[in-house]
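Next comes structure_28.cif, with mmCIF, C-alpha atoms.
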```cif
data_input
loop_
_atom_site.label_atom_id
_atom_site.label_comp_id
_atom_site.auth_asym_id
_atom_site.auth_seq_id
_atom_site.Cartn_x
_atom_site.Cartn_y
_atom_site.Cartn_z
CA MET A 1472 -3.28 12.10 15.77
CA ALA A 1473 -2.48 8.66 14.35
CA GLN A 1474 0.87 8.63 16.12
CA ASP A 1475 -0.85 9.43 19.41
CA ASN A 1476 -3.22 6.51 18.90
CA GLU A 1477 -0.34 4.14 18.12
CA SER A 1478 1.63 5.26 21.16
CA SER A 1479 -1.39 4.88 23.39
CA LEU A 1480 -1.46 1.19 22.49
CA LEU A 1481 2.04 0.75 23.92
CA PHE A 1482 1.71 2.67 27.16
CA ASP A 1483 -0.65 5.04 28.91
CA GLN A 1484 -0.38 8.67 27.93
CA PRO A 1485 1.69 10.49 30.59
CA GLY A 1486 0.26 13.46 32.41
CA PRO A 1487 1.88 16.88 32.79
CA LYS A 1488 4.30 15.64 35.43
CA GLY A 1489 5.26 12.58 33.38
CA ARG A 1490 5.84 14.66 30.23
CA ARG A 1491 8.04 17.03 32.21
CA THR A 1492 10.07 14.09 33.54
CA ILE A 1493 10.49 12.64 30.03
CA ARG A 1494 11.62 16.02 28.72
CA ILE A 1495 14.22 16.35 31.47
CA VAL A 1496 15.55 12.82 30.85
CA ASN A 1497 15.82 13.52 27.11
CA TRP A 1498 17.80 16.68 27.75
CA ILE A 1499 20.14 14.85 30.11
CA ALA A 1500 20.69 12.04 27.58
CA ALA A 1501 21.42 14.59 24.81
CA VAL A 1502 23.99 16.36 27.00
CA ILE A 1503 25.68 13.06 27.89
CA PHE A 1504 25.80 12.05 24.22
CA ALA A 1505 27.34 15.40 23.24
CA ILE A 1506 29.98 15.04 25.97
CA VAL A 1507 30.87 11.53 24.76
CA VAL A 1508 31.23 12.77 21.16
CA ILE A 1509 33.49 15.62 22.30
CA LEU A 1510 35.68 13.23 24.32
CA VAL A 1511 36.00 10.86 21.34
CA LEU A 1512 37.00 13.72 19.03
CA MET A 1513 39.54 14.96 21.56
CA ARG A 1514 41.00 11.46 21.82
CA LEU A 1515 41.26 11.20 18.05
CA HIS A 1516 42.84 14.64 17.82
CA ASN A 1517 45.48 13.86 20.42
CA PRO A 1518 46.00 10.09 20.77
CA PRO A 1519 48.56 8.93 23.36
CA ASP A 1520 50.81 7.05 20.92
CA GLY A 1521 50.09 8.13 17.36
CA GLU A 1522 49.37 10.99 15.03
CA ASN A 1523 46.32 13.18 14.83
CA GLN A 1524 43.48 11.11 13.29
CA LEU A 1525 41.51 14.26 12.40
CA SER A 1526 44.30 15.57 10.21
CA TRP A 1527 43.33 16.31 6.61
CA GLU A 1528 46.46 14.49 5.42
CA LEU A 1529 44.83 11.24 6.55
CA TRP A 1530 41.33 12.05 5.32
CA ARG A 1531 42.33 13.31 1.88
CA PRO A 1532 43.44 9.90 0.46
CA ALA A 1533 40.19 8.38 1.73
CA LEU A 1534 38.03 10.97 -0.06
CA ASP A 1535 39.80 11.78 -3.32
CA TYR A 1536 38.72 10.67 -6.80
CA GLU A 1537 41.08 7.70 -7.06
CA ALA A 1538 39.77 6.23 -3.82
CA TRP A 1539 36.21 6.21 -5.21
CA SER A 1540 37.07 5.07 -8.72
CA ASP A 1541 39.57 2.35 -7.75
CA PHE A 1542 38.31 1.07 -4.40
CA TYR A 1543 34.91 2.16 -3.11
CA LEU A 1544 32.79 1.92 -6.27
CA PRO A 1545 34.27 -1.40 -7.50
CA GLY A 1546 33.82 -2.85 -4.01
CA LEU A 1547 30.24 -1.55 -3.88
CA TRP A 1548 29.51 -3.12 -7.27
CA LEU A 1549 30.80 -6.52 -6.11
CA THR A 1550 28.71 -6.20 -2.95
CA ILE A 1551 25.55 -5.42 -4.92
CA LYS A 1552 26.34 -8.20 -7.40
CA ALA A 1553 26.56 -10.80 -4.65
CA SER A 1554 23.48 -9.38 -2.94
CA VAL A 1555 21.29 -9.54 -6.06
CA VAL A 1556 22.24 -13.14 -6.85
CA ALA A 1557 21.77 -14.10 -3.20
CA VAL A 1558 18.32 -12.47 -3.07
CA ILE A 1559 17.12 -14.28 -6.21
CA GLY A 1560 18.45 -17.59 -4.93
CA SER A 1561 16.94 -16.98 -1.48
CA VAL A 1562 13.50 -16.37 -2.97
CA ILE A 1563 13.67 -19.58 -5.03
CA PHE A 1564 14.98 -21.57 -2.07
CA GLY A 1565 12.34 -20.11 0.24
CA PHE A 1566 9.49 -20.86 -2.17
CA ILE A 1567 10.53 -24.46 -2.70
CA PHE A 1568 11.08 -25.42 0.92
CA GLY A 1569 8.45 -23.07 2.35
CA ILE A 1570 5.77 -24.70 0.23
CA GLY A 1571 7.34 -28.09 0.92
CA ARG A 1572 6.71 -27.59 4.64
CA LEU A 1573 3.02 -27.02 3.88
CA LEU A 1574 2.30 -29.89 1.51
CA PRO A 1575 0.10 -32.75 2.75
CA ASN A 1576 2.83 -35.31 1.98
CA GLY A 1577 4.44 -36.14 5.31
CA LEU A 1578 7.83 -37.16 3.87
CA VAL A 1579 8.25 -33.96 1.83
CA ARG A 1580 7.15 -31.90 4.80
CA ALA A 1581 9.66 -33.57 7.11
CA VAL A 1582 12.62 -33.25 4.71
CA SER A 1583 11.83 -29.60 4.02
CA GLY A 1584 11.56 -28.88 7.72
CA ILE A 1585 14.95 -30.46 8.46
CA ILE A 1586 16.70 -28.48 5.70
CA VAL A 1587 15.15 -25.18 6.74
CA GLU A 1588 15.91 -25.64 10.42
CA PHE A 1589 19.50 -26.70 9.69
CA CYS A 1590 20.16 -23.63 7.50
CA ARG A 1591 18.69 -21.36 10.15
CA ALA A 1592 20.76 -22.86 12.95
CA VAL A 1593 24.22 -22.87 11.30
CA PRO A 1594 26.01 -19.47 11.35
CA VAL A 1595 26.38 -17.77 7.98
CA LEU A 1596 30.15 -17.29 8.36
CA MET A 1597 30.65 -20.99 9.08
CA MET A 1598 28.78 -21.94 5.93
CA MET A 1599 30.84 -19.44 3.90
CA ILE A 1600 34.14 -20.85 5.20
CA PHE A 1601 32.99 -24.43 4.57
CA PHE A 1602 31.93 -23.73 0.97
CA TRP A 1603 35.05 -21.66 0.34
CA ARG A 1604 37.38 -24.52 1.30
CA TRP A 1605 35.24 -26.99 -0.64
CA PHE A 1606 35.21 -24.90 -3.83
CA ALA A 1607 38.94 -24.17 -3.51
CA PHE A 1608 39.79 -27.92 -3.32
CA ALA A 1609 37.39 -28.59 -6.22
CA GLY A 1610 39.11 -25.95 -8.37
CA VAL A 1611 36.05 -23.76 -8.83
CA SER A 1612 36.86 -20.30 -10.19
CA GLN A 1613 35.84 -17.37 -7.97
CA ALA A 1614 35.51 -19.70 -4.99
CA SER A 1615 35.09 -16.86 -2.48
CA TYR A 1616 32.30 -15.24 -4.50
CA TRP A 1617 30.25 -18.42 -4.82
CA ALA A 1618 30.89 -19.30 -1.19
CA VAL A 1619 29.46 -15.94 -0.10
CA VAL A 1620 26.47 -16.25 -2.43
CA LEU A 1621 25.65 -19.84 -1.45
CA GLY A 1622 25.95 -19.12 2.27
CA LEU A 1623 23.61 -16.13 1.96
CA ILE A 1624 21.15 -18.16 -0.13
CA LEU A 1625 20.89 -20.95 2.43
CA TYR A 1626 20.46 -18.70 5.44
CA ASN A 1627 18.17 -16.06 3.97
CA GLY A 1628 16.25 -18.67 1.96
CA SER A 1629 15.35 -20.41 5.21
CA VAL A 1630 14.07 -17.07 6.54
CA VAL A 1631 11.92 -16.58 3.41
CA ALA A 1632 10.56 -20.13 3.82
CA GLU A 1633 9.49 -19.32 7.36
CA LEU A 1634 7.87 -16.10 6.14
CA ILE A 1635 5.80 -18.05 3.61
CA ARG A 1636 4.81 -20.67 6.18
CA SER A 1637 3.80 -18.05 8.73
CA GLY A 1638 1.93 -16.06 6.06
CA VAL A 1639 -0.14 -19.08 5.07
CA GLY A 1640 -0.73 -19.93 8.73
CA ASN A 1641 -2.08 -16.44 9.43
CA LEU A 1642 -4.70 -16.66 6.68
CA PRO A 1643 -8.30 -17.29 7.77
CA SER A 1644 -9.06 -21.00 7.88
CA GLY A 1645 -12.32 -20.38 6.07
CA GLN A 1646 -10.49 -19.90 2.77
CA ARG A 1647 -9.09 -23.42 2.79
CA GLU A 1648 -12.44 -24.82 3.85
CA ALA A 1649 -14.18 -22.94 1.06
CA SER A 1650 -11.69 -24.16 -1.54
CA LEU A 1651 -12.07 -27.75 -0.35
CA ALA A 1652 -15.84 -27.36 -0.49
CA LEU A 1653 -15.53 -26.22 -4.11
CA GLY A 1654 -13.77 -29.46 -5.00
CA LEU A 1655 -10.11 -28.41 -4.91
CA THR A 1656 -7.50 -30.62 -3.33
CA ARG A 1657 -5.32 -29.42 -0.47
CA THR A 1658 -2.38 -28.95 -2.82
CA GLN A 1659 -4.48 -26.96 -5.31
CA SER A 1660 -5.86 -24.82 -2.51
CA LEU A 1661 -2.35 -24.19 -1.23
CA MET A 1662 -0.85 -23.27 -4.61
CA GLN A 1663 -3.76 -21.34 -6.13
CA ILE A 1664 -5.37 -19.58 -3.18
CA GLU A 1665 -3.26 -19.54 -0.02
CA VAL A 1666 0.33 -19.08 -1.19
CA PRO A 1667 -0.40 -16.09 -3.50
CA GLN A 1668 -2.05 -14.25 -0.63
CA ALA A 1669 0.79 -15.15 1.75
CA VAL A 1670 3.41 -13.92 -0.73
CA TYR A 1671 1.59 -10.62 -1.14
CA ALA A 1672 1.36 -10.25 2.63
CA MET A 1673 5.00 -11.11 3.37
CA LEU A 1674 6.48 -9.01 0.54
CA PRO A 1675 7.34 -6.00 2.79
CA ALA A 1676 9.14 -8.28 5.25
CA ALA A 1677 11.02 -9.92 2.39
CA VAL A 1678 12.15 -6.51 1.13
CA THR A 1679 13.41 -5.71 4.61
CA GLN A 1680 15.47 -8.91 4.43
CA LEU A 1681 17.40 -7.30 1.55
CA VAL A 1682 19.10 -5.07 4.09
CA VAL A 1683 20.31 -8.15 5.98
CA VAL A 1684 21.64 -9.72 2.78
CA LEU A 1685 23.52 -6.56 1.85
CA LYS A 1686 25.15 -6.26 5.26
CA ASP A 1687 26.02 -9.96 5.49
CA THR A 1688 28.13 -9.72 2.34
CA ALA A 1689 30.71 -7.95 4.52
CA LEU A 1690 31.43 -11.35 6.09
CA GLY A 1691 32.97 -12.36 2.77
CA SER A 1692 36.00 -10.18 3.50
CA ILE A 1693 37.14 -12.88 5.95
CA ILE A 1694 37.43 -15.40 3.11
CA MET A 1695 39.18 -12.81 0.89
CA TYR A 1696 36.13 -11.75 -1.10
CA THR A 1697 36.76 -8.28 -2.53
CA ASP A 1698 33.63 -6.45 -1.44
CA LEU A 1699 33.28 -2.87 -0.20
CA LEU A 1700 34.72 -3.67 3.22
CA GLN A 1701 37.72 -5.51 1.77
CA GLU A 1702 38.48 -2.70 -0.68
CA SER A 1703 38.30 -0.06 2.06
CA ARG A 1704 40.75 -2.12 4.16
CA ARG A 1705 43.12 -2.36 1.22
CA LEU A 1706 43.00 1.39 0.73
CA GLY A 1707 43.62 1.99 4.43
CA SER A 1708 46.63 -0.31 4.45
CA MET A 1709 48.17 1.67 1.59
CA TYR A 1710 47.99 5.08 3.29
CA PHE A 1711 47.91 3.92 6.92
CA ASN A 1712 44.50 5.52 7.43
CA ILE A 1713 42.36 2.46 8.11
CA LEU A 1714 40.06 4.41 10.43
CA GLN A 1715 39.23 6.99 7.77
CA THR A 1716 38.54 4.45 5.02
CA LEU A 1717 36.32 2.35 7.29
CA VAL A 1718 34.33 5.46 8.23
CA VAL A 1719 33.74 6.23 4.55
CA ALA A 1720 32.72 2.62 3.88
CA SER A 1721 30.30 2.69 6.79
CA VAL A 1722 28.70 5.85 5.38
CA VAL A 1723 28.26 4.12 2.01
CA TYR A 1724 26.69 1.09 3.72
CA PHE A 1725 24.37 3.38 5.66
CA PHE A 1726 23.25 5.23 2.53
CA VAL A 1727 22.45 2.03 0.58
CA CYS A 1728 20.67 0.39 3.53
CA PHE A 1729 18.70 3.59 4.12
CA LEU A 1730 17.41 3.48 0.54
CA LEU A 1731 16.36 -0.16 0.96
CA SER A 1732 14.65 0.60 4.27
CA HIS A 1733 12.81 3.53 2.70
CA PHE A 1734 11.68 1.24 -0.12
CA ALA A 1735 10.48 -1.32 2.43
CA ARG A 1736 8.37 1.39 4.12
CA TRP A 1737 7.02 2.71 0.81
CA LEU A 1738 6.01 -0.71 -0.53
CA PRO A 1739 3.23 -1.50 2.03
CA LYS A 1740 1.60 1.89 1.41
CA LYS A 1741 1.64 1.31 -2.33
CA MET A 1742 0.25 -2.18 -1.88
CA GLN A 1743 -2.53 -0.86 0.33
CA GLU A 1744 -3.49 1.71 -2.30
CA ARG A 1745 -3.72 -0.99 -4.96
CA THR A 1746 -5.59 -3.55 -2.87
CA ALA A 1747 -7.96 -1.27 -0.96
CA ALA A 1748 -11.32 -1.15 -2.74
CA PRO A 1749 -12.98 2.26 -3.06
CA ALA A 1750 -15.76 2.52 -0.52
CA ASP A 1751 -19.01 4.26 -1.41
CA PHE A 1752 -19.78 7.19 0.80
CA VAL A 1753 -22.88 6.50 2.84
CA GLU A 1754 -24.62 9.47 4.32
CA PRO A 1755 -24.97 8.91 8.08
CA ALA A 1756 -28.65 9.02 8.99
CA ALA A 1757 -30.17 8.00 12.30
CA PRO A 1758 -33.30 5.81 12.29
CA VAL A 1759 -36.45 7.93 12.17
CA ALA A 1760 -39.78 6.86 13.62
CA ILE A 1761 -42.72 6.42 11.24
CA MET A 1762 -44.78 9.31 12.64
CA ASP A 1763 -41.84 11.50 13.54
CA PRO A 1764 -42.34 14.95 11.94
CA SER A 1765 -38.59 15.12 11.27
CA ASN A 1766 -38.88 12.26 8.80
CA VAL A 1767 -37.96 13.96 5.55
CA ASN A 1768 -39.39 11.09 3.51
CA GLN A 1769 -42.89 11.62 4.88
CA ILE A 1770 -42.64 15.38 4.46
CA ALA A 1771 -41.57 15.01 0.80
CA VAL A 1772 -44.38 12.54 0.03
CA ALA A 1773 -46.98 14.70 1.75
CA LYS A 1774 -45.82 17.76 -0.17
CA GLU A 1775 -46.02 15.89 -3.46
CA VAL A 1776 -49.53 14.61 -2.72
CA ASP A 1777 -50.66 18.09 -1.69
CA GLU A 1778 -49.41 19.60 -4.95
CA ASP A 1779 -51.31 16.95 -6.95
CA ARG A 1780 -54.58 17.56 -5.07
CA TYR A 1781 -56.40 19.18 -8.00
CA GLY A 1782 -55.27 16.74 -10.67
CA GLY A 1783 -53.36 17.78 -13.73
CA ALA A 1784 -50.29 16.32 -15.34
CA PRO A 1785 -48.12 14.10 -13.10
CA ARG A 1786 -44.82 15.49 -11.92
CA GLN A 1787 -41.84 14.74 -14.11
CA TYR A 1788 -39.43 14.80 -11.16
CA HIS A 1789 -40.13 13.43 -7.74
CA ALA A 1790 -38.71 14.75 -4.50
CA HIS A 1791 -35.37 13.20 -3.58
CA HIS A 1792 -36.20 11.08 -0.57
CA ARG A 1793 -33.51 10.89 2.10
CA GLY A 1794 -33.17 9.29 5.49
CA SER A 1795 -33.16 5.81 6.95
CA ASN A 1796 -35.71 4.47 4.44
CA ALA A 1797 -33.98 5.86 1.33
CA SER A 1798 -31.31 4.29 -0.81
CA ILE A 1799 -28.53 6.83 -1.15
CA GLN A 1800 -25.96 4.56 -2.74
CA HIS A 1801 -25.73 4.90 -6.53
CA TRP A 1802 -28.21 7.76 -6.41
CA LYS A 1803 -27.08 9.06 -9.77
CA LYS A 1804 -28.20 5.83 -11.43
CA THR A 1805 -31.61 5.89 -9.78
CA ARG A 1806 -32.41 9.60 -10.03
CA TYR A 1807 -35.38 8.90 -12.32
CA ILE A 1808 -36.85 6.45 -9.80
CA GLN A 1809 -36.06 7.98 -6.43
CA GLY A 1810 -36.25 11.60 -7.54
CA TYR A 1811 -33.93 14.47 -8.01
CA ASP A 1812 -32.31 16.88 -5.61
CA ARG A 1813 -32.26 20.60 -6.39
CA THR A 1814 -28.98 20.95 -4.51
CA GLN A 1815 -27.26 18.44 -6.81
CA PRO A 1816 -26.77 19.90 -10.32
CA ASP A 1817 -25.56 16.53 -11.63
CA THR A 1818 -29.06 15.12 -11.34
CA LEU A 1819 -30.71 17.78 -13.48
CA VAL A 1820 -32.17 16.51 -16.75
CA ASP A 1821 -32.29 18.61 -19.88
CA PRO A 1822 -36.00 19.27 -20.52
CA HIS A 1823 -35.40 19.38 -24.29
CA LYS A 1824 -34.05 15.85 -24.20
CA ALA A 1825 -36.80 14.53 -21.99
CA SER A 1826 -39.22 12.18 -23.69
CA LEU A 1827 -42.65 13.67 -24.47
CA GLU A 1828 -45.39 11.50 -23.10
CA ILE A 1829 -49.17 12.00 -23.28
CA PRO A 1830 -50.46 12.85 -19.80
CA GLU A 1831 -52.95 10.56 -18.20
CA PHE A 1832 -55.81 13.10 -18.29
CA LEU A 1833 -55.52 13.36 -22.11
CA LYS A 1834 -55.79 9.62 -22.69
CA PRO A 1835 -59.42 8.56 -23.39
CA GLY A 1836 -61.11 5.69 -21.59
CA ARG A 1837 -58.80 5.68 -18.53
CA GLY A 1838 -61.37 6.47 -15.87
CA GLY A 1839 -60.69 8.87 -13.04
CA ARG A 1840 -59.17 11.66 -15.06
CA SER A 1841 -60.65 10.37 -18.34
CA GLY A 1842 -63.77 12.51 -17.62
CA GLY A 1843 -61.61 15.50 -18.20
CA GLY A 1844 -60.83 14.18 -21.67
CA GLN A 1845 -64.54 13.69 -22.47
CA LYS A 1846 -65.31 17.19 -21.23
CA VAL A 1847 -62.73 18.65 -23.53
CA GLU A 1848 -64.11 16.66 -26.45
CA GLY A 1849 -67.72 17.89 -25.72
CA GLU A 1850 -66.58 21.47 -25.51
CA THR A 1851 -64.84 21.09 -28.86
CA LYS A 1852 -68.04 19.79 -30.53
CA LYS A 1853 -70.13 22.64 -29.05
CA GLY A 1854 -67.63 25.15 -30.35
CA GLN A 1855 -67.82 23.64 -33.83
CA LYS A 1856 -71.71 23.83 -33.81
CA LYS A 1857 -71.62 27.41 -32.62
CA GLU A 1858 -69.12 28.30 -35.30
CA GLY A 1859 -71.33 26.66 -37.98
CA ARG A 1860 -74.44 28.58 -36.80
CA ASN A 1861 -72.56 31.87 -36.96
CA ASP A 1862 -71.50 31.10 -40.52
CA ARG A 1863 -75.12 30.45 -41.62
CA GLU A 1864 -76.31 33.73 -40.04
CA ARG A 1865 -73.50 35.60 -41.79
CA ARG A 1866 -74.50 34.16 -45.19
CA LYS A 1867 -78.22 35.14 -44.64
CA LYS A 1868 -77.20 38.72 -43.97
CA ASP A 1869 -75.08 38.75 -47.11
#
```
Could you render the structure as structure tokens?
Amino acid sequence: MAQDNESSLLFDQPGPKGRRTIRIVNWIAAVIFAIVVILVLMRLHNPPDGENQLSWELWRPALDYEAWSDFYLPGLWLTIKASVVAVIGSVIFGFIFGIGRLLPNGLVRAVSGIIVEFCRAVPVLMMMIFFWRWFAFAGVSQASYWAVVLGLILYNGSVVAELIRSGVGNLPSGQREASLALGLTRTQSLMQIEVPQAVYAMLPAAVTQLVVVLKDTALGSIIMYTDLLQESRRLGSMYFNILQTLVVASVVYFFVCFLLSHFARWLPKKMQERTAAPADFVEPAAPVAIMDPSNVNQIAVAKEVDEDRYGGAPRQYHAHHRGSNASIQHWKKTRYIQGYDRTQPDTLVDPHKASLEIPEFLKPGRGGRSGGGQKVEGETKKGQKKEGRNDRERRKKD
């Protein structure tokens, strides 16, 4: 149902004829795709000038144990190593210059804006080549590794900075106004109130950027960085099966990126569970007129008054009033005040634990029902006199 609602926001729901047309187009596209796959496999099986690329003799070196232990896994480790360092550096870079673009100081804001825009405009590969040549002339060890990491930090850090700036810009303006009204400066409001909320809001998008960082490490193979792509090319050059090794490397890339994408989809749901406050269930009740006989409040009050027509001890439990005039939130806490419901066992009170109070009609000098107390006292005195007279008559007879 939710998917139908989301799709209805994009386009109008098609009718029977439209659904039939979409089904036919999907079937035609599936048939065309299957034909293309068959033609590609036939071409690989029987190339015009070359050997059969589907032969197991070419696939076996790309899938055996030595290929994984000596090429794929070491290359994957170097790829992840560069990605992790680049992600940490990108977050630091993005925080510094993203906040710098939001500070009230005009000079800091201008310098931060120039740096961010420059890093976004220059291609990542060009920055990698530039840093690689620079580090090589400077004699830095592992020049290709640090060139890849620094290029990824500058580019992806500028993206994180824009995420922070857009996250702060999308916050309600009333939060900044409220913080300024409380006496905070603009910088304090930015650092203590706005940026934390923006970071929490842009965290899923930042996790999605991890996929981009991981894939961009493949550009390091051009500057001789030994990542997964470079190792798969080396293996293919040894056995002359470059196609097979690249296919295996692409499957590894797909698997790792799929895990990161799944984590990026799982994170917003987890964040929503932690930030969504539990809402009290409110019983839907339509407004009821004062003299409407369907008003359950009036019926309950009338029934209680009718039962107390002839006096006696007051009721220990009142009827549980419901409807538009009743408070049904936190009813367990107010069950002694607003009554108790027979259909709710949680509201029952143990009569043995209930406090024993003297009823109103037994308290002397209260008026109203106090006459009942005097009447009981008079009847007690008459009984004592009658009992004394009977005792005197019994002694005379003895």
Any chance you could resolve the PyMOL selection byres ((chain A and resi 1534-1541) around 9) against this file and give the residues as a PyMOL selection string?
chain A and resi 1530-1533+1542-1546+1702-1703+1706+1715-1716+1719
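Between CA of Arg1580 in chain A and CA of Trp1617 in chain A lies a distance of 28.4 Å.
Between CA of Leu1525 in chain A and CA of Leu1512 in chain A the separation is 8.0 Å.
Going from CA of Pro1675 in chain A over to CA of Met1742 in chain A, you cover 9.3 Å.
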Near Met1599 in chain A, counting all atoms listed in the file, which residues have an atom at most 8 Å away, once you skip same-chain residues fewer than 4 positions from it, shown as a CSV table (one decimal) with C-alpha atoms, keeping the file's coordinate frame?
```csv
chain,number,residue,atom,x,y,z
A,1595,VAL,CA,26.4,-17.8,8.0
A,1603,TRP,CA,35.0,-21.7,0.3
A,1618,ALA,CA,30.9,-19.3,-1.2
A,1619,VAL,CA,29.5,-15.9,-0.1
A,1621,LEU,CA,25.6,-19.8,-1.4
A,1622,GLY,CA,26.0,-19.1,2.3
A,1691,GLY,CA,33.0,-12.4,2.8
A,1694,ILE,CA,37.4,-15.4,3.1
```
Within 10 Å of Leu1699 in chain A, counting only C-alpha atoms, which residues show up once you throw out same-chain ones fewer than 6 positions away? Write them as a ChimeraX atom specification, please.
/A:1542-1551,1688-1689,1691-1692,1705,1717,1720-1721,1723-1724
